[in-house]
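Structure file structure03.pdb (PDB, C-alpha atoms, pLDDT in the B column) follows.
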ATOM      1  CA  MET S   1       1.513  19.520   5.089  1.00 65.00           C
ATOM      2  CA  GLN S   2       2.500  16.038   3.938  1.00 72.00           C
ATOM      3  CA  SER S   3       0.594  14.462   1.057  1.00 76.00           C
ATOM      4  CA  SER S   4       0.655  11.110  -0.718  1.00 80.00           C
ATOM      5  CA  ARG S   5       2.415  10.259  -3.954  1.00 80.00           C
ATOM      6  CA  LYS S   6       0.382   8.954  -6.839  1.00 85.00           C
ATOM      7  CA  LEU S   7       1.345   5.582  -8.288  1.00 87.00           C
ATOM      8  CA  GLY S   8       1.564   6.684 -11.904  1.00 89.00           C
ATOM      9  CA  VAL S   9      -0.408   3.714 -13.209  1.00 94.00           C
ATOM     10  CA  GLU S  10      -3.427   3.400 -15.451  1.00 95.00           C
ATOM     11  CA  GLY S  11      -6.720   3.565 -13.558  1.00 95.00           C
ATOM     12  CA  GLU S  12      -5.558   5.364 -10.427  1.00 93.00           C
ATOM     13  CA  ASP S  13      -8.303   7.946 -10.925  1.00 92.00           C
ATOM     14  CA  LEU S  14     -11.110   5.385 -10.437  1.00 95.00           C
ATOM     15  CA  THR S  15     -13.614   5.772  -7.618  1.00 93.00           C
ATOM     16  CA  GLY S  16     -12.773   3.732  -4.545  1.00 91.00           C
ATOM     17  CA  ILE S  17      -9.082   4.601  -4.373  1.00 93.00           C
ATOM     18  CA  SER S  18      -7.762   6.488  -1.367  1.00 93.00           C
ATOM     19  CA  TYR S  19      -4.265   7.792  -0.787  1.00 93.00           C
ATOM     20  CA  GLY S  20      -2.390   7.013   2.416  1.00 94.00           C
ATOM     21  CA  VAL S  21      -1.795  10.325   4.144  1.00 94.00           C
ATOM     22  CA  GLU S  22      -5.216  11.676   3.181  1.00 94.00           C
ATOM     23  CA  PHE S  23      -6.871   8.421   4.351  1.00 96.00           C
ATOM     24  CA  LEU S  24      -5.118   8.658   7.719  1.00 96.00           C
ATOM     25  CA  ARG S  25      -6.076  12.317   8.046  1.00 95.00           C
ATOM     26  CA  GLN S  26      -9.738  11.444   7.407  1.00 94.00           C
ATOM     27  CA  ALA S  27      -9.569   8.446   9.754  1.00 95.00           C
ATOM     28  CA  SER S  28      -8.376  10.705  12.560  1.00 94.00           C
ATOM     29  CA  ASP S  29     -11.571  12.781  12.215  1.00 92.00           C
ATOM     30  CA  LYS S  30     -13.797  10.892  14.646  1.00 87.00           C
ATOM     31  CA  SER S  31     -16.879  12.774  13.430  1.00 91.00           C
ATOM     32  CA  ASN S  32     -16.475  11.573   9.818  1.00 88.00           C
ATOM     33  CA  PRO S  33     -14.209   8.509   9.523  1.00 89.00           C
ATOM     34  CA  PRO S  34     -13.935   6.765   6.147  1.00 92.00           C
ATOM     35  CA  GLU S  35     -16.418   3.967   5.540  1.00 90.00           C
ATOM     36  CA  ILE S  36     -14.565   0.693   4.969  1.00 93.00           C
ATOM     37  CA  LYS S  37     -16.291  -2.348   3.488  1.00 87.00           C
ATOM     38  CA  GLY S  38     -14.965  -5.668   2.237  1.00 93.00           C
ATOM     39  CA  LYS S  39     -11.351  -6.125   1.267  1.00 96.00           C
ATOM     40  CA  VAL S  40      -8.655  -3.458   1.293  1.00 97.00           C
ATOM     41  CA  LEU S  41      -5.395  -3.549  -0.638  1.00 97.00           C
ATOM     42  CA  VAL S  42      -2.645  -1.177   0.448  1.00 98.00           C
ATOM     43  CA  VAL S  43       0.218  -0.426  -1.947  1.00 97.00           C
ATOM     44  CA  GLY S  44       3.486   0.403  -0.226  1.00 96.00           C
ATOM     45  CA  GLY S  45       5.953  -0.878   2.323  1.00 97.00           C
ATOM     46  CA  GLY S  46       6.700   2.126   4.498  1.00 96.00           C
ATOM     47  CA  ASN S  47       5.341   3.271   7.838  1.00 96.00           C
ATOM     48  CA  VAL S  48       2.471   5.192   6.203  1.00 96.00           C
ATOM     49  CA  ALA S  49       1.358   2.071   4.315  1.00 97.00           C
ATOM     50  CA  VAL S  50       1.540   0.017   7.507  1.00 98.00           C
ATOM     51  CA  ASP S  51      -0.499   2.654   9.360  1.00 97.00           C
ATOM     52  CA  VAL S  52      -3.092   2.679   6.558  1.00 98.00           C
ATOM     53  CA  ALA S  53      -3.387  -1.119   6.615  1.00 98.00           C
ATOM     54  CA  ARG S  54      -3.761  -1.273  10.398  1.00 98.00           C
ATOM     55  CA  THR S  55      -6.249   1.615  10.430  1.00 97.00           C
ATOM     56  CA  ALA S  56      -8.356   0.000   7.688  1.00 97.00           C
ATOM     57  CA  ARG S  57      -8.445  -3.210   9.729  1.00 97.00           C
ATOM     58  CA  ARG S  58      -9.579  -1.280  12.823  1.00 95.00           C
ATOM     59  CA  LEU S  59     -12.257   0.557  10.825  1.00 96.00           C
ATOM     60  CA  GLY S  60     -13.848  -2.761   9.876  1.00 95.00           C
ATOM     61  CA  ALA S  61     -12.220  -4.060   6.690  1.00 97.00           C
ATOM     62  CA  ALA S  62     -13.050  -7.749   6.241  1.00 96.00           C
ATOM     63  CA  ALA S  63      -9.514  -8.428   5.011  1.00 97.00           C
ATOM     64  CA  VAL S  64      -6.446  -6.270   4.490  1.00 98.00           C
ATOM     65  CA  GLU S  65      -3.469  -7.060   2.293  1.00 98.00           C
ATOM     66  CA  MET S  66      -0.403  -5.051   1.449  1.00 98.00           C
ATOM     67  CA  VAL S  67       1.719  -5.253  -1.693  1.00 98.00           C
ATOM     68  CA  CYS S  68       5.127  -3.674  -1.770  1.00 97.00           C
ATOM     69  CA  LEU S  69       8.039  -3.653  -4.161  1.00 97.00           C
ATOM     70  CA  GLU S  70      10.555  -4.482  -1.472  1.00 97.00           C
ATOM     71  CA  GLN S  71      11.327  -7.849   0.030  1.00 96.00           C
ATOM     72  CA  ARG S  72      10.585  -8.039   3.758  1.00 96.00           C
ATOM     73  CA  TYR S  73      14.191  -7.244   4.741  1.00 95.00           C
ATOM     74  CA  GLU S  74      14.185  -4.169   2.454  1.00 94.00           C
ATOM     75  CA  MET S  75      10.881  -2.654   3.579  1.00 96.00           C
ATOM     76  CA  PRO S  76      11.263   0.928   4.804  1.00 96.00           C
ATOM     77  CA  ALA S  77       8.723   0.369   7.616  1.00 97.00           C
ATOM     78  CA  SER S  78      10.257  -0.306  10.990  1.00 97.00           C
ATOM     79  CA  PRO S  79      10.561  -3.986  11.949  1.00 97.00           C
ATOM     80  CA  GLU S  80       8.293  -3.385  14.962  1.00 97.00           C
ATOM     81  CA  GLU S  81       5.580  -1.927  12.718  1.00 96.00           C
ATOM     82  CA  ILE S  82       5.878  -4.876  10.321  1.00 98.00           C
ATOM     83  CA  MET S  83       5.511  -7.371  13.164  1.00 97.00           C
ATOM     84  CA  ALA S  84       2.492  -5.490  14.574  1.00 97.00           C
ATOM     85  CA  THR S  85       0.908  -5.509  11.106  1.00 97.00           C
ATOM     86  CA  LEU S  86       1.339  -9.257  10.775  1.00 98.00           C
ATOM     87  CA  ALA S  87      -0.056  -9.724  14.306  1.00 97.00           C
ATOM     88  CA  GLU S  88      -3.266  -8.015  13.149  1.00 97.00           C
ATOM     89  CA  ASN S  89      -3.693 -10.683  10.439  1.00 97.00           C
ATOM     90  CA  ILE S  90      -2.702  -8.354   7.628  1.00 98.00           C
ATOM     91  CA  THR S  91      -0.969 -10.141   4.772  1.00 98.00           C
ATOM     92  CA  ILE S  92       2.147  -8.572   3.288  1.00 98.00           C
ATOM     93  CA  ASN S  93       2.936  -9.608  -0.297  1.00 98.00           C
ATOM     94  CA  ASN S  94       6.542  -8.674  -0.925  1.00 98.00           C
ATOM     95  CA  GLY S  95       8.109  -8.171  -4.340  1.00 98.00           C
ATOM     96  CA  TRP S  96       4.984  -6.945  -6.156  1.00 98.00           C
ATOM     97  CA  GLY S  97       3.973  -3.612  -7.617  1.00 96.00           C
ATOM     98  CA  PRO S  98       0.887  -2.282  -9.361  1.00 96.00           C
ATOM     99  CA  LYS S  99       0.799  -2.561 -13.144  1.00 96.00           C
ATOM    100  CA  ARG S 100      -2.676  -1.056 -13.603  1.00 97.00           C
ATOM    101  CA  ILE S 101      -5.980  -0.653 -11.855  1.00 97.00           C
ATOM    102  CA  LEU S 102      -9.054  -2.029 -13.588  1.00 97.00           C
ATOM    103  CA  GLY S 103     -12.670  -0.946 -13.428  1.00 96.00           C
ATOM    104  CA  ASN S 104     -15.519   0.838 -15.139  1.00 95.00           C
ATOM    105  CA  GLY S 105     -15.787   4.095 -13.213  1.00 93.00           C
ATOM    106  CA  LYS S 106     -14.914   2.408  -9.916  1.00 93.00           C
ATOM    107  CA  ILE S 107     -12.127   0.046  -8.944  1.00 94.00           C
ATOM    108  CA  GLU S 108     -12.849  -3.621  -9.569  1.00 94.00           C
ATOM    109  CA  ALA S 109      -9.375  -5.185  -9.601  1.00 95.00           C
ATOM    110  CA  ILE S 110      -5.684  -4.441  -9.628  1.00 96.00           C
ATOM    111  CA  GLU S 111      -3.157  -6.087 -11.889  1.00 97.00           C
ATOM    112  CA  LEU S 112       0.201  -6.640 -10.233  1.00 97.00           C
ATOM    113  CA  LYS S 113       3.637  -7.186 -11.654  1.00 97.00           C
ATOM    114  CA  ARG S 114       6.606  -8.931 -10.037  1.00 97.00           C
ATOM    115  CA  CYS S 115       9.403  -6.626  -8.901  1.00 96.00           C
ATOM    116  CA  THR S 116      12.809  -8.168  -9.527  1.00 93.00           C
ATOM    117  CA  ARG S 117      14.917  -5.363  -8.082  1.00 94.00           C
ATOM    118  CA  VAL S 118      14.176  -2.316  -5.940  1.00 94.00           C
ATOM    119  CA  TYR S 119      17.595  -0.671  -5.618  1.00 91.00           C
ATOM    120  CA  ASP S 120      20.397  -0.259  -8.121  1.00 93.00           C
ATOM    121  CA  GLU S 121      24.051  -1.060  -7.506  1.00 94.00           C
ATOM    122  CA  ASN S 122      24.485   2.341  -5.781  1.00 96.00           C
ATOM    123  CA  ARG S 123      21.512   1.652  -3.431  1.00 90.00           C
ATOM    124  CA  ARG S 124      19.330   4.235  -5.186  1.00 92.00           C
ATOM    125  CA  PHE S 125      15.621   3.517  -5.494  1.00 89.00           C
ATOM    126  CA  SER S 126      15.323   2.158  -9.026  1.00 92.00           C
ATOM    127  CA  PRO S 127      12.665  -0.603  -9.175  1.00 92.00           C
ATOM    128  CA  VAL S 128      12.555  -3.038 -12.053  1.00 92.00           C
ATOM    129  CA  LEU S 129       9.070  -4.434 -12.665  1.00 87.00           C
TER
END

Target encoding structure tokens, full file:
Amino acid sequence: MQSSRKLGVEGEDLTGISYGVEFLRQASDKSNPPEIKGKVLVVGGGNVAVDVARTARRLGAAAVEMVCLEQRYEMPASPEEIMATLAENITINNGWGPKRILGNGKIEAIELKRCTRVYDENRRFSPVL
């Protein structure tokens, strides 16, 4: 069974944080879908992140934004999925990654850091924040 990767940043254990695959699994349970209120920020640029963002929008999020390390042309999500995401008024902020998550018991904010490079000279994933 597929599961999500943790970010490895300070504060990722705060209440109010969901992980992609688990969120989608819960959202598919029509008898107990996740309750979405206010704004949602999705970290990632792949198809799972796109699915999470679009699902959050459909579950009633007031606004949905994505942040991903990659520039638009580098995103691992398929171009069709990216276009569909934008068509649902979901903002994609390219070239940003999480530095730390802030809050007192529950998430209140996320501090981002600019990503200057995602892949090394051999095209291996090696982000520089």

With region 3-25 of chain S as the partner and 9 Å as the cut-off, tabulate the residues of region 41-119 of chain S that qualify, each row holding the nearest pair of atoms and their distance in Å to one decimal, using only C-alpha atoms, sorted by chain and rising number, as CSV.
residue,atom,partner,partner_atom,distance
S:Val42,CA,S:Gly20,CA,8.4
S:Val43,CA,S:Leu7,CA,8.8
S:Val48,CA,S:Gly20,CA,6.4
S:Ala49,CA,S:Gly20,CA,6.5
S:Asp51,CA,S:Leu24,CA,7.8
S:Val52,CA,S:Gly20,CA,6.0
S:Thr55,CA,S:Leu24,CA,7.6
S:Pro98,CA,S:Val9,CA,7.2
S:Lys99,CA,S:Val9,CA,6.4
S:Arg100,CA,S:Glu10,CA,4.9
S:Ile101,CA,S:Gly11,CA,4.6
S:Leu102,CA,S:Gly11,CA,6.1
S:Gly103,CA,S:Leu14,CA,7.2
S:Asn104,CA,S:Leu14,CA,7.9
S:Gly105,CA,S:Leu14,CA,5.6
S:Lys106,CA,S:Thr15,CA,4.3
S:Ile107,CA,S:Leu14,CA,5.6
S:Glu108,CA,S:Gly16,CA,8.9
S:Ile110,CA,S:Gly11,CA,9.0

Q. Can you list what the PyMOL selection byres ((chain S and resi 45) around 6) grabs from this structure, as a list in words?
A. Gly44, Gly46, Ala49, Cys68 and Met75 of chain S

Q.
What's the separation between CA of Glu70 (chain S) and CA of Gln26 (chain S), in Å to one decimal place?
A.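 These two atoms are separated by 27.3 Å.
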
Q: Work out how far CA of Leu69 (chain S) is from CA of Ser126 (chain S), in Å to one decimal.
A: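 According to the coordinates, CA of Ser126 (chain S) and CA of Leu69 (chain S) are separated by 10.5 Å.
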
Q: Give as an MDAnalysis selection string the residues that the PyMOL selection byres ((chain S and resi 78) around 12) matches when applied to the coordinates above.
A: chainID S and resid 45:51 72:77 79:85

Q. Within 6 Å of region 115-119 of chain S, counting all atoms listed in the file, which residues qualify if same-chain residues fewer than 2 places away don't, as a list of chain:residue names?
A. S:Leu69, S:Gly95, S:Trp96, S:Arg123, S:Arg124, S:Phe125, S:Ser126, S:Pro127, S:Val128, S:Leu129

Q. By how many Å are CA of Ile90 (chain S) and CA of Gly60 (chain S) apart?
A.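 CA of Gly60 (chain S) lies 12.7 Å from CA of Ile90 (chain S).
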
**Q.** Top pick for closest residue to Asn93 (chain S), considering S:Glu35, S:Glu111, S:Glu65, S:Asp120 and counting all atoms listed in the file
**A.**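 Looking only at the distances to Asn93 (chain S), the closest residue turns out to be S:Glu65.
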
Q: Return the single residue from S:Asn32, S:Asn122, S:Asn89, S:Gln2 that is closest to Ala61 (chain S), with distances computed using only C-alpha atoms.
A: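 Going through S:Asn32, S:Asn122, S:Asn89, S:Gln2 one by one, the smallest distance to Ala61 (chain S) is for S:Asn89.
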
Q: Rank S:Ala87, S:Ala56, S:Ile92, S:Val64 by their smallest atom-to-atom distance to Leu41 (chain S), using all atoms listed in the file, and report the top residue only.
A: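 That would be S:Val64, the residue with the smallest distance to Leu41 (chain S).
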
Q: Name the closest residue to Arg114 (chain S) among the candidates S:Ala53, S:Val67, S:Leu59, S:Ala27; distances are taken between atoms, counting only C-alpha atoms.
A: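 Among S:Ala53, S:Val67, S:Leu59, S:Ala27, it is S:Val67 that comes nearest to Arg114 (chain S).
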
Q.
Taking only C-alpha atoms into account, name the residue in S:Lys113, S:Ser31, S:Gln71, S:Ala63 that is nearest to Gly97 (chain S).
A.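 Comparing S:Lys113, S:Ser31, S:Gln71, S:Ala63 against Gly97 (chain S), the winner is S:Lys113.
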